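Participant: My structure file model.cif, mmCIF, C-alpha atoms, is below:
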data_model
#
loop_
_atom_site.label_atom_id
_atom_site.label_comp_id
_atom_site.auth_asym_id
_atom_site.auth_seq_id
_atom_site.Cartn_x
_atom_site.Cartn_y
_atom_site.Cartn_z
CA MET A 2 27.25 15.50 5.67
CA THR A 3 26.90 19.05 7.03
CA ALA A 4 25.65 19.79 10.51
CA GLN A 5 22.42 21.00 9.02
CA ASP A 6 22.02 17.82 7.03
CA ALA A 7 22.79 15.79 10.11
CA ILE A 8 20.03 17.19 12.21
CA GLY A 9 17.58 18.08 9.51
CA CYS A 10 16.85 21.46 11.06
CA PRO A 11 17.93 24.87 9.74
CA ASP A 12 18.22 26.51 13.18
CA GLY A 13 21.37 24.76 14.49
CA PRO A 14 21.76 21.84 16.91
CA ASP A 15 18.49 20.51 18.19
CA PRO A 16 18.31 18.28 21.27
CA GLN A 17 15.11 16.75 19.95
CA ALA A 18 16.88 15.52 16.79
CA GLY A 19 17.82 11.86 17.09
CA THR A 20 21.40 10.62 16.84
CA LEU A 21 22.69 7.39 15.33
CA LEU A 22 22.70 5.83 18.82
CA ASN A 23 19.14 7.01 19.46
CA GLY A 24 18.18 5.23 16.25
CA PHE A 25 19.93 2.04 17.35
CA TRP A 26 18.11 2.14 20.70
CA ALA A 27 14.79 2.76 18.97
CA SER A 28 15.43 -0.29 16.78
CA LEU A 29 15.60 -2.62 19.82
CA PRO A 30 12.01 -3.90 19.63
CA ILE A 31 12.43 -4.38 15.88
CA VAL A 32 15.65 -6.31 16.48
CA LEU A 33 13.92 -8.56 19.01
CA GLY A 34 11.08 -9.13 16.60
CA TYR A 35 13.23 -9.60 13.50
CA VAL A 36 15.72 -12.12 14.86
CA PRO A 37 13.22 -14.96 15.46
CA ILE A 38 11.38 -14.31 12.19
CA ALA A 39 14.61 -14.14 10.22
CA PHE A 40 15.72 -17.25 12.08
CA ALA A 41 12.55 -18.99 10.89
CA PHE A 42 13.26 -17.79 7.36
CA GLY A 43 16.78 -19.21 7.50
CA VAL A 44 15.46 -22.56 8.66
CA ALA A 45 12.80 -22.58 5.93
CA ALA A 46 15.32 -21.57 3.28
CA ARG A 47 17.47 -24.58 4.08
CA GLY A 48 14.31 -26.67 3.97
CA VAL A 49 13.70 -25.81 0.29
CA GLY A 50 17.29 -26.52 -0.61
CA LEU A 51 18.96 -23.11 -0.45
CA THR A 52 22.50 -22.90 0.84
CA LEU A 53 23.41 -20.73 3.82
CA ALA A 54 24.92 -18.15 1.43
CA GLU A 55 21.79 -18.07 -0.73
CA ALA A 56 19.53 -17.63 2.31
CA VAL A 57 21.64 -14.76 3.64
CA ALA A 58 21.87 -13.20 0.18
CA LEU A 59 18.08 -13.17 -0.11
CA SER A 60 17.82 -11.44 3.26
CA LEU A 61 20.52 -8.86 2.56
CA ILE A 62 19.65 -8.09 -1.08
CA LEU A 63 15.88 -8.56 -1.18
CA TYR A 64 15.26 -7.48 2.46
CA SER A 65 11.50 -7.88 2.69
CA GLY A 66 10.22 -10.50 5.11
CA GLY A 67 6.89 -11.41 3.55
CA ALA A 68 8.30 -11.42 0.04
CA GLN A 69 11.17 -13.64 1.13
CA PHE A 70 8.87 -16.35 2.48
CA VAL A 71 6.88 -16.19 -0.76
CA ALA A 72 10.16 -16.40 -2.67
CA LEU A 73 10.90 -19.67 -0.90
CA ALA A 74 7.51 -21.04 -1.93
CA LEU A 75 8.08 -19.94 -5.54
CA ILE A 76 11.62 -21.33 -5.68
CA GLY A 77 10.50 -24.54 -3.99
CA SER A 78 7.65 -25.03 -6.46
CA GLY A 79 9.84 -24.33 -9.46
CA ALA A 80 7.84 -21.29 -10.61
CA PRO A 81 9.13 -19.53 -13.77
CA PHE A 82 11.66 -16.78 -13.08
CA LEU A 83 9.57 -13.91 -14.47
CA VAL A 84 6.46 -15.02 -12.58
CA SER A 85 8.48 -15.11 -9.36
CA ALA A 86 10.02 -11.70 -10.01
CA PHE A 87 6.72 -9.96 -10.81
CA THR A 88 4.96 -11.56 -7.84
CA LEU A 89 7.67 -10.43 -5.43
CA ILE A 90 7.87 -6.94 -6.94
CA ALA A 91 4.10 -6.53 -6.58
CA MET A 92 4.39 -7.48 -2.91
CA GLY A 93 6.72 -4.54 -2.31
CA LEU A 94 4.42 -1.91 -3.85
CA ARG A 95 2.96 -0.86 -0.51
CA HIS A 96 6.31 0.69 0.42
CA VAL A 97 5.60 3.47 -2.08
CA LEU A 98 3.26 4.98 0.50
CA TYR A 99 5.83 5.17 3.29
CA GLY A 100 8.30 7.78 1.99
CA PRO A 101 5.76 10.56 1.36
CA ALA A 102 3.93 9.89 4.64
CA LEU A 103 7.19 9.96 6.61
CA MET A 104 8.60 13.07 4.92
CA ARG A 105 5.30 14.88 5.27
CA ARG A 106 5.40 14.18 9.00
CA ALA A 107 9.09 15.12 9.19
CA GLY A 108 8.35 18.66 8.08
CA PRO A 109 9.63 20.99 5.33
CA GLY A 110 13.14 21.39 6.84
CA ALA A 111 13.82 17.68 7.00
CA ALA A 112 17.08 16.61 5.36
CA ARG A 113 16.85 13.89 2.74
CA ARG A 114 20.27 14.21 1.14
CA HIS A 115 21.24 10.69 2.15
CA ALA A 116 17.80 9.18 1.72
CA TRP A 117 19.18 7.00 -1.08
CA ALA A 118 20.98 5.07 1.68
CA TRP A 119 18.67 5.10 4.72
CA ALA A 120 15.48 4.65 2.68
CA TRP A 121 16.70 1.14 1.81
CA GLY A 122 15.87 0.22 5.39
CA LEU A 123 12.36 1.68 5.29
CA THR A 124 10.54 -1.55 6.05
CA ASP A 125 7.07 -1.75 7.60
CA GLU A 126 8.49 -1.84 11.11
CA VAL A 127 11.11 0.87 10.56
CA PHE A 128 8.49 3.15 9.01
CA GLY A 129 6.13 2.58 11.94
CA THR A 130 8.85 3.15 14.52
CA ALA A 131 10.07 6.33 12.81
CA LEU A 132 6.53 7.67 12.60
CA GLY A 133 5.96 6.82 16.27
CA ALA A 134 9.15 8.65 17.27
CA LEU A 135 8.05 11.74 15.33
CA ALA A 136 4.60 11.56 16.92
CA ARG A 137 6.24 11.54 20.37
CA GLY A 138 8.14 14.76 19.60
CA ARG A 139 11.40 13.43 18.14
CA ARG A 140 12.70 15.75 15.40
CA PHE A 141 13.46 13.98 12.13
CA SER A 142 17.14 13.37 11.43
CA GLU A 143 19.03 11.26 8.94
CA PRO A 144 21.46 9.79 11.55
CA PHE A 145 18.46 8.56 13.54
CA MET A 146 17.05 6.93 10.41
CA PHE A 147 20.45 5.33 9.69
CA GLY A 148 20.66 3.92 13.23
CA LEU A 149 17.10 2.67 13.17
CA GLY A 150 17.45 1.04 9.76
CA LEU A 151 20.89 -0.40 10.39
CA GLY A 152 19.85 -2.07 13.66
CA ALA A 153 16.91 -3.72 11.93
CA TYR A 154 18.96 -4.71 8.87
CA LEU A 155 21.75 -6.30 10.91
CA ALA A 156 19.21 -8.19 13.01
CA TRP A 157 17.51 -9.50 9.87
CA GLY A 158 20.75 -10.67 8.32
CA THR A 159 22.09 -12.16 11.56
CA GLY A 160 18.84 -13.97 12.33
CA THR A 161 18.78 -15.46 8.84
CA ALA A 162 22.36 -16.69 9.14
CA MET A 163 21.65 -18.23 12.56
CA GLY A 164 18.54 -19.99 11.28
CA ALA A 165 20.21 -21.27 8.12
CA TYR A 166 23.14 -22.51 10.20
CA ALA A 167 21.03 -24.13 12.95
CA GLY A 168 18.56 -25.87 10.67
CA SER A 169 15.14 -27.10 11.74
CA GLY A 170 14.04 -27.73 15.32
CA ALA A 171 16.39 -25.30 17.01
CA LEU A 172 13.69 -23.83 19.28
CA ALA A 173 11.60 -26.99 19.53
CA ALA A 174 12.64 -27.56 23.15
CA TRP A 175 11.55 -24.03 24.15
CA PRO A 176 7.98 -23.58 22.87
CA ALA A 177 7.08 -20.76 25.30
CA VAL A 178 10.14 -18.77 24.23
CA GLU A 179 9.25 -19.42 20.59
CA ALA A 180 5.68 -18.25 21.25
CA GLY A 181 6.83 -15.09 23.03
CA LEU A 182 9.26 -14.23 20.26
CA GLY A 183 6.51 -14.88 17.72
CA PHE A 184 4.34 -12.27 19.43
CA MET A 185 7.07 -9.63 19.30
CA LEU A 186 5.96 -8.05 16.01
CA PRO A 187 2.23 -7.90 16.86
CA ALA A 188 3.22 -6.34 20.20
CA LEU A 189 5.44 -3.83 18.42
CA PHE A 190 2.71 -2.86 15.94
CA LEU A 191 0.19 -2.42 18.76
CA ALA A 192 2.60 -0.28 20.79
CA LEU A 193 3.35 1.83 17.71
CA LEU A 194 -0.34 2.18 16.98
CA LEU A 195 -0.95 3.46 20.50
CA SER A 196 1.80 6.04 20.06
CA VAL A 197 0.54 7.47 16.74
CA LEU A 198 -3.22 7.09 17.02
CA SER A 199 -5.50 10.02 17.80
CA ARG A 200 -9.23 9.88 18.47
CA ALA A 201 -9.88 11.55 15.11
CA GLN A 202 -8.07 8.72 13.33
CA LEU A 203 -10.20 5.93 14.86
CA PRO A 204 -12.44 5.67 11.75
CA VAL A 205 -9.28 5.25 9.65
CA LEU A 206 -8.17 2.38 11.87
CA ALA A 207 -11.61 0.74 11.80
CA VAL A 208 -11.79 0.83 8.00
CA ALA A 209 -8.21 -0.42 7.62
CA ALA A 210 -8.82 -3.30 10.04
CA ALA A 211 -12.10 -4.32 8.37
CA ALA A 212 -10.58 -4.22 4.88
CA THR A 213 -7.54 -6.21 6.02
CA VAL A 214 -9.63 -8.98 7.56
CA ALA A 215 -12.11 -9.15 4.68
CA VAL A 216 -9.57 -9.21 1.85
CA THR A 217 -7.17 -11.55 3.71
CA LEU A 218 -9.94 -14.08 4.27
CA ALA A 219 -11.34 -13.69 0.76
CA TRP A 220 -8.09 -13.52 -1.19
CA SER A 221 -4.62 -13.47 0.37
CA GLY A 222 -2.53 -11.90 3.11
CA THR A 223 -0.59 -9.73 0.69
CA ALA A 224 -3.77 -8.38 -0.91
CA GLY A 225 -5.17 -7.83 2.59
CA LEU A 226 -2.18 -5.68 3.55
CA LEU A 227 -2.48 -3.50 0.47
CA ALA A 228 -6.27 -3.24 0.76
CA GLY A 229 -6.12 -2.31 4.44
CA MET A 230 -3.56 0.44 3.94
CA ILE A 231 -5.29 1.98 0.92
CA ALA A 232 -8.81 1.68 2.36
CA GLY A 233 -7.66 3.27 5.63
CA ALA A 234 -5.89 6.12 3.84
CA VAL A 235 -8.94 6.74 1.61
CA ALA A 236 -11.09 6.78 4.74
CA GLY A 237 -8.74 9.49 6.00
CA VAL A 238 -9.51 11.59 2.91
CA LEU A 239 -13.25 11.26 3.56
CA ASN A 240 -12.85 11.80 7.31
CA ARG A 241 -12.74 15.59 7.63
CA ARG A 242 -12.37 15.37 11.42
CA GLY A 243 -8.96 13.76 11.02
CA ASP A 244 -5.82 15.82 11.46
CA SER A 245 -4.14 16.95 8.27
CA GLY A 246 -0.69 15.72 9.03
CA ALA A 247 0.51 18.72 10.94
CA HIS A 248 3.87 18.18 12.51
CA MET B 243 25.45 -19.76 -5.30
CA ARG B 244 22.90 -20.34 -8.04
CA ILE B 245 22.73 -17.46 -10.50
CA GLU B 246 18.91 -17.55 -10.71
CA VAL B 247 18.56 -17.04 -6.94
CA LEU B 248 21.04 -14.17 -7.01
CA ALA B 249 19.34 -12.59 -10.04
CA LEU B 250 15.92 -12.85 -8.41
CA ALA B 251 17.24 -11.22 -5.23
CA CYS B 252 18.93 -8.42 -7.21
CA ILE B 253 15.92 -7.58 -9.41
CA VAL B 254 13.38 -7.62 -6.58
CA GLY B 255 15.80 -5.90 -4.21
CA ALA B 256 16.39 -3.09 -6.73
CA CYS B 257 12.64 -2.57 -7.07
CA ASN B 258 12.22 -2.58 -3.28
CA TRP B 259 14.90 0.09 -3.01
CA ALA B 260 13.18 2.18 -5.69
CA PHE B 261 9.79 1.82 -3.96
CA ARG B 262 11.33 2.96 -0.68
CA TYR B 263 13.65 5.70 -1.88
CA PHE B 264 12.08 7.63 -4.78
CA PRO B 265 8.85 8.54 -2.95
CA THR B 266 10.95 10.28 -0.25
CA ARG B 267 12.03 12.78 -2.93
CA ALA B 268 8.48 13.99 -3.55
CA ASN B 269 8.01 17.60 -2.46
CA LEU B 270 4.73 17.53 -0.57
CA HIS B 271 5.11 20.46 1.77
CA GLU B 272 3.47 22.97 -0.51
CA LEU B 273 0.22 21.05 -0.42
CA PRO B 274 -2.52 23.11 1.24
CA PRO B 275 -3.47 21.87 4.73
CA GLY B 276 -6.66 19.88 4.64
CA SER B 277 -6.38 18.99 0.95
CA PRO B 278 -7.33 15.42 -0.02
CA VAL B 279 -3.70 14.46 -0.66
CA THR B 280 -2.65 15.87 2.71
CA ARG B 281 -5.39 13.94 4.49
CA PHE B 282 -4.48 10.79 2.54
CA LEU B 283 -0.85 11.04 3.65
CA ALA B 284 -1.77 11.87 7.25
CA ALA B 285 -3.98 8.78 7.40
CA THR B 286 -1.41 6.49 5.74
CA GLY B 287 0.63 6.02 8.93
CA PRO B 288 -2.17 4.94 11.28
CA ALA B 289 -3.78 2.92 8.47
CA ALA B 290 -0.52 1.12 7.68
CA ILE B 291 0.35 0.34 11.29
CA GLY B 292 -3.21 -0.74 12.07
CA THR B 293 -3.20 -2.96 9.01
CA LEU B 294 0.10 -4.54 9.99
CA PHE B 295 -1.15 -5.19 13.52
CA VAL B 296 -4.35 -6.85 12.30
CA ALA B 297 -2.46 -8.87 9.68
CA SER B 298 0.08 -10.06 12.26
CA VAL B 299 -2.61 -11.05 14.77
CA LEU B 300 -4.88 -12.87 12.31
CA PRO B 301 -2.77 -16.07 12.21
CA LEU B 302 -2.76 -16.13 16.02
CA VAL B 303 -6.57 -16.12 16.29
CA LYS B 304 -7.28 -18.71 13.61
CA ASP B 305 -7.78 -21.42 16.22
CA LEU B 306 -9.87 -19.93 19.04
CA SER B 307 -10.52 -23.32 20.60
CA GLY B 308 -6.97 -23.58 21.96
CA PRO B 309 -5.12 -21.25 24.32
CA ALA B 310 -5.20 -18.39 21.79
CA PRO B 311 -7.73 -16.20 23.65
CA LEU B 312 -5.72 -16.43 26.88
CA THR B 313 -2.30 -15.89 25.34
CA LEU B 314 -3.46 -13.14 23.00
CA GLY B 315 -5.40 -11.43 25.78
CA ALA B 316 -2.36 -11.52 28.04
CA GLY B 317 -0.06 -10.16 25.32
CA VAL B 318 -2.40 -7.39 24.16
CA GLY B 319 -3.37 -6.50 27.74
CA ALA B 320 0.28 -6.20 28.76
CA VAL B 321 1.07 -3.91 25.83
CA LEU B 322 -1.93 -1.66 26.60
CA LEU B 323 -1.17 -1.54 30.32
CA VAL B 324 2.56 -0.97 30.08
CA HIS B 325 2.23 1.58 27.29
CA ALA B 326 -0.32 3.50 29.37
CA MET B 327 2.08 3.44 32.33
CA THR B 328 5.37 4.18 30.58
CA ARG B 329 4.55 5.59 27.10
CA SER B 330 7.53 3.53 25.95
CA VAL B 331 7.20 1.48 22.76
CA VAL B 332 10.28 -0.60 23.66
CA ILE B 333 9.14 -1.57 27.16
CA ALA B 334 5.52 -2.15 26.09
CA THR B 335 6.67 -4.43 23.26
CA LEU B 336 8.90 -6.48 25.53
CA ALA B 337 6.17 -6.71 28.19
CA GLY B 338 3.70 -7.95 25.59
CA ALA B 339 6.06 -10.67 24.37
CA VAL B 340 6.90 -11.79 27.91
CA ALA B 341 3.22 -11.90 28.88
CA TYR B 342 2.33 -13.83 25.72
CA GLY B 343 5.13 -16.36 26.26
CA GLY B 344 4.26 -16.65 29.96
CA ALA B 345 0.58 -17.26 29.24
CA PHE B 346 1.53 -19.84 26.61
CA TRP B 347 3.70 -21.63 29.18
CA LEU B 348 0.92 -21.56 31.80
CA ALA B 349 -1.63 -22.86 29.31
CA ALA B 350 0.68 -25.69 28.28
CA ALA B 351 1.54 -26.64 31.90
#
Could you express the structure from this file as structure tokens?
Facilitator:
Amino acid sequence: MTAQDAIGCPDGPDPQAGTLLNGFWASLPIVLGYVPIAFAFGVAARGVGLTLAEAVALSLILYSGGAQFVALALIGSGAPFLVSAFTLIAMGLRHVLYGPALMRRAGPGAARRHAWAWAWGLTDEVFGTALGALARGRRFSEPFMFGLGLGAYLAWGTGTAMGAYAGSGALAAWPAVEAGLGFMLPALFLALLLSVLSRAQLPVLAVAAAATVAVTLAWSGTAGLLAGMIAGAVAGVLNRRGDSGAH
Amino acid sequence: MRIEVLALACIVGACNWAFRYFPTRANLHELPPGSPVTRFLAATGPAAIGTLFVASVLPLVKDLSGPAPLTLGAGVGAVLLVHAMTRSVVIATLAGAVAYGGAFWLAAA
């Protein structure tokens, strides 16, 4: 990796460009949110008969929280292999939107030479955190993306292993702690939203929220996610007051 | 390890990687400012994060007869307040979780 690749800026070292350690630090709220959810996944995986190795393999190879819980339901119900595969693949389609939105925000000089590696970690939370960092003035850099993604990935794998090892009822004696940890991801999304939202984008948020609620209640949570994101982005096209993604 | 579990993880994982990686290769910087595609991409971030927030909160407000209004109000209020004071995503997130857990404990006491 050249120095230019490392910082993603053609004009030499840039103090605003994030380092690997900056990325790790930025991943802290994701780590705190991922560990309990991955823990719950590990517990649930053992509940449907998966071994510890199978639970951890799902987390490390599939690496998509919502899809993993659905995978457990499909495996547990004995669904046909192809049905399971297509269902889980369809759940991941929303990630197609993240790369272009992130790189657009990163700017034309942004390095992407090693995107084949760091893009693996571009989950919902990593995408949101990266976008929030850029919105707060952080210059895009691949080391930052590595640090951010790696922190989240390790937390997801570790949490799964802990949950699969502990089995059910591990946090039963600490319901308030369990509740607080369960609120970590909503709190993270709200904090990220506050850091990226502008007044001009409020109609986008309103449309996305309405579509999410309506489609989730009428159909399913996965469909609600996809509908909310697409409806909000389409509202952005129609909303000429919105910013045009300047960076 | 059962081969069908491993195969499922590998196939879906490969597709997830493709969905996350290949779109980053798209060259979108020559799009004219203000074009529909540019506005679509600019709105994708707030729309996605807003969607994820709403989707993550929905299960918490399903039962409004219990302590949900108090705990959710405490958690959301703490995030708003601390973010306004510090502009830090990390600290606001932690404050929200602590406030939510604390309110849950108070409601249960």
Participant: Within 7 Å of chain B, which residues of chain A show up when using only C-alpha atoms, listed as a PyMOL selection string?
Facilitator: chain A and resi 29-30+54-55+59+62-64+86+89-90+93-94+96-97+100-102+104-105+109+116-117+120-121+123+129+177-178+180-182+184-185+187-194+197-198+205-206+209-210+213+226+229-230+233-235+237-238+245-246
Participant: Can you work out the spacing between atom CA of A:Ser65 and atom CA of A:Thr88 in Å, to one decimal?
Facilitator: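 So the answer is 12.9 Å.
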Participant: What separation in Å, quoted to one decimal, exists between atom CA of A:Gly77 and atom CA of A:Gly50?
Facilitator: 7.8 Å
Participant: Can you turn the PyMOL selection byres ((chain A and resi 19-22) around 6) into a concrete residue list for this file, as number ranges by chain?
Facilitator: A: 18, 23-25, 142, 144-145, 148
Participant: For the atom pair atom CA of A:Leu218 and atom CA of B:Pro301, what is the interatomic distance in Å to one decimal place?
Facilitator: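 Answer for the atom CA of A:Leu218 to atom CA of B:Pro301 separation: 10.9 Å.
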